[in-house]
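Shown next: model_31.pdb, containing PDB, C-alpha atoms.
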```pdb
ATOM      1  CA  MET A 162       4.558  29.311   8.260
ATOM      2  CA  ASN A 163       2.317  26.659   6.797
ATOM      3  CA  ASP A 164      -1.069  26.491   8.525
ATOM      4  CA  PHE A 165      -2.131  23.400   6.599
ATOM      5  CA  ILE A 166      -2.690  20.404   8.840
ATOM      6  CA  PHE A 167      -2.875  16.982   7.248
ATOM      7  CA  TYR A 168      -5.434  14.592   8.688
ATOM      8  CA  ALA A 169      -5.105  10.946   7.733
ATOM      9  CA  LYS A 170      -8.869  10.461   7.899
ATOM     10  CA  SER A 171     -11.652  12.784   6.883
ATOM     11  CA  PRO A 172     -14.596  13.469   9.204
ATOM     12  CA  TYR A 173     -16.667  11.274   6.863
ATOM     13  CA  ASP A 174     -14.171   8.395   7.220
ATOM     14  CA  ILE A 175     -14.206   8.673  11.001
ATOM     15  CA  ALA A 176     -18.015   8.793  11.117
ATOM     16  CA  LYS A 177     -18.270   5.808   8.759
ATOM     17  CA  GLU A 178     -15.943   3.693  10.933
ATOM     18  CA  PHE A 179     -17.788   4.739  14.095
ATOM     19  CA  VAL A 180     -21.178   3.850  12.637
ATOM     20  CA  GLU A 181     -19.891   0.537  11.293
ATOM     21  CA  LYS A 182     -18.687  -0.476  14.763
ATOM     22  CA  ILE A 183     -22.074   0.332  16.264
ATOM     23  CA  LYS A 184     -23.858  -1.468  13.425
ATOM     24  CA  GLN A 185     -21.634  -4.533  13.941
ATOM     25  CA  LYS A 186     -22.500  -4.537  17.652
ATOM     26  CA  ARG A 187     -26.225  -4.345  16.808
ATOM     27  CA  LYS A 188     -25.901  -7.282  14.420
ATOM     28  CA  MET A 189     -23.750  -9.261  16.876
ATOM     29  CA  LEU A 190     -26.557  -8.890  19.413
ATOM     30  CA  LYS A 191     -29.018 -10.013  16.699
ATOM     31  CA  ILE A 192     -31.060  -6.824  17.084
ATOM     32  CA  SER A 193     -32.852  -5.530  13.991
ATOM     33  CA  GLN A 194     -33.161  -1.844  13.233
ATOM     34  CA  VAL A 195     -36.838  -2.067  14.193
ATOM     35  CA  GLN A 196     -35.978  -3.683  17.529
ATOM     36  CA  LEU A 197     -33.292  -1.079  18.172
ATOM     37  CA  ALA A 198     -35.789   1.687  17.474
ATOM     38  CA  THR A 199     -38.216   0.207  19.984
ATOM     39  CA  LYS A 200     -35.551  -0.486  22.612
ATOM     40  CA  SER A 201     -33.857   2.919  22.301
ATOM     41  CA  GLY A 202     -36.847   5.150  21.694
ATOM     42  CA  VAL A 203     -35.187   6.504  18.549
ATOM     43  CA  SER A 204     -37.301   6.518  15.410
ATOM     44  CA  LEU A 205     -36.645   3.853  12.790
ATOM     45  CA  GLY A 206     -36.026   6.614  10.241
ATOM     46  CA  SER A 207     -33.304   8.111  12.447
ATOM     47  CA  ILE A 208     -31.633   4.732  12.871
ATOM     48  CA  LYS A 209     -31.706   4.095   9.126
ATOM     49  CA  ARG A 210     -30.289   7.583   8.435
ATOM     50  CA  PHE A 211     -27.592   6.995  11.073
ATOM     51  CA  GLU A 212     -26.510   3.690   9.550
ATOM     52  CA  SER A 213     -26.634   4.889   5.939
ATOM     53  CA  LYS A 214     -25.742   8.595   6.023
ATOM     54  CA  HIS A 215     -23.973   8.744   9.412
ATOM     55  CA  GLU A 216     -26.247  11.517  10.658
ATOM     56  CA  ILE A 217     -27.912  11.596  14.084
ATOM     57  CA  SER A 218     -28.501  13.911  17.011
ATOM     58  CA  LEU A 219     -26.316  13.501  20.064
ATOM     59  CA  SER A 220     -29.249  12.553  22.300
ATOM     60  CA  SER A 221     -30.386   9.871  19.831
ATOM     61  CA  LEU A 222     -26.845   8.532  19.583
ATOM     62  CA  ILE A 223     -26.657   8.243  23.367
ATOM     63  CA  LYS A 224     -30.019   6.415  23.449
ATOM     64  CA  ILE A 225     -28.715   3.940  20.867
ATOM     65  CA  LEU A 226     -25.494   3.413  22.811
ATOM     66  CA  ILE A 227     -27.473   2.744  25.995
ATOM     67  CA  ALA A 228     -29.739   0.278  24.170
ATOM     68  CA  LEU A 229     -26.651  -1.583  22.922
ATOM     69  CA  ASN A 230     -24.897  -1.418  26.316
ATOM     70  CA  LEU A 231     -22.142   0.791  24.870
ATOM     71  CA  GLU A 232     -22.605   3.813  27.122
ATOM     72  CA  LYS A 233     -19.493   2.996  29.172
ATOM     73  CA  ASP A 234     -17.412   2.974  25.991
ATOM     74  CA  PHE A 235     -18.761   6.430  25.186
ATOM     75  CA  GLU A 236     -18.110   7.685  28.714
ATOM     76  CA  ASN A 237     -14.534   6.396  28.527
ATOM     77  CA  LEU A 238     -13.883   7.962  25.145
ATOM     78  CA  PHE A 239     -11.954  10.899  26.578
ATOM     79  CA  MET A 240     -10.720   9.354  29.796
ATOM     80  CA  GLN A 241      -7.111  10.220  30.409
ATOM     81  CA  LYS A 242      -4.881   7.533  31.793
ATOM     82  CA  THR A 243      -3.059   8.315  34.981
ATOM     83  CA  TYR A 244       0.208   6.667  35.846
ATOM     84  CA  ASN A 245       1.796   6.077  39.235
ATOM     85  CA  SER A 246       5.318   5.456  37.975
ATOM     86  CA  ILE A 247       7.546   5.714  34.932
ATOM     87  CA  ASP A 248       7.438   1.914  34.694
ATOM     88  CA  GLU A 249       3.681   2.072  34.115
ATOM     89  CA  VAL A 250       4.236   4.592  31.314
ATOM     90  CA  ILE A 251       6.888   2.432  29.685
ATOM     91  CA  ASN A 252       4.814  -0.738  29.989
ATOM     92  CA  GLY A 253       1.545   0.957  29.039
ATOM     93  CA  GLN A 254      -0.101  -0.170  32.248
ATOM     94  CA  LEU A 255      -2.874   1.608  34.068
TER
END
```
Could you write out this file's structure as structure tokens?
Amino acid sequence: MNDFIFYAKSPYDIAKEFVEKIKQKRKMLKISQVQLATKSGVSLGSIKRFESKHEISLSSLIKILIALNLEKDFENLFMQKTYNSIDEVINGQL
């Protein structure tokens, strides 16, 4: 039996895409890294490291998400859809 599992994206690729989406949101809101540091309570160095090397603690990430009003997206990350009928499943409705 082959135990090898093929993943289309590496952890680095996933982290890079995740960080880019957060960075795009910051820029869309016209918030500089310095302003984000002040608003979130996360050090400027941590924000720079997050955006360049994709490294950050979970608590700092949550502070950044709150500062950018993305906490609901994070909370919904693992929400499982529930369906009331087969029609909802077929149509992709919630």
Skip range 198-210 of chain A itself and residues of its chain fewer than 4 positions away, then list as a PyMOL selection string all residues within 7 Å of it, counting all atoms listed in the file.
chain A and resi 194+214-217+221+224-225+228
Residue neighbourhood Lys182 in chain A, 12 Å, only C-alpha atoms, exclusion window fewer than 3 positions, as a PyMOL selection string
chain A and resi 175-179+185-189+212+215+226+229+231+234
Pairwise distance, CA of Lys170 in chain A with CA of Ile227 in chain A, equals 27.1 Å
Once you add 4 Å to each side, what are the centre and edge lengths of the axis-aligned box holding all listed atoms of range 235-243 of chain A? One decimal in Å, as AutoDock Vina command-line options, if you can.
```
--center_x -10.9 --center_y 8.6 --center_z 30.1 --size_x 23.7 --size_y 12.5 --size_z 17.8
```
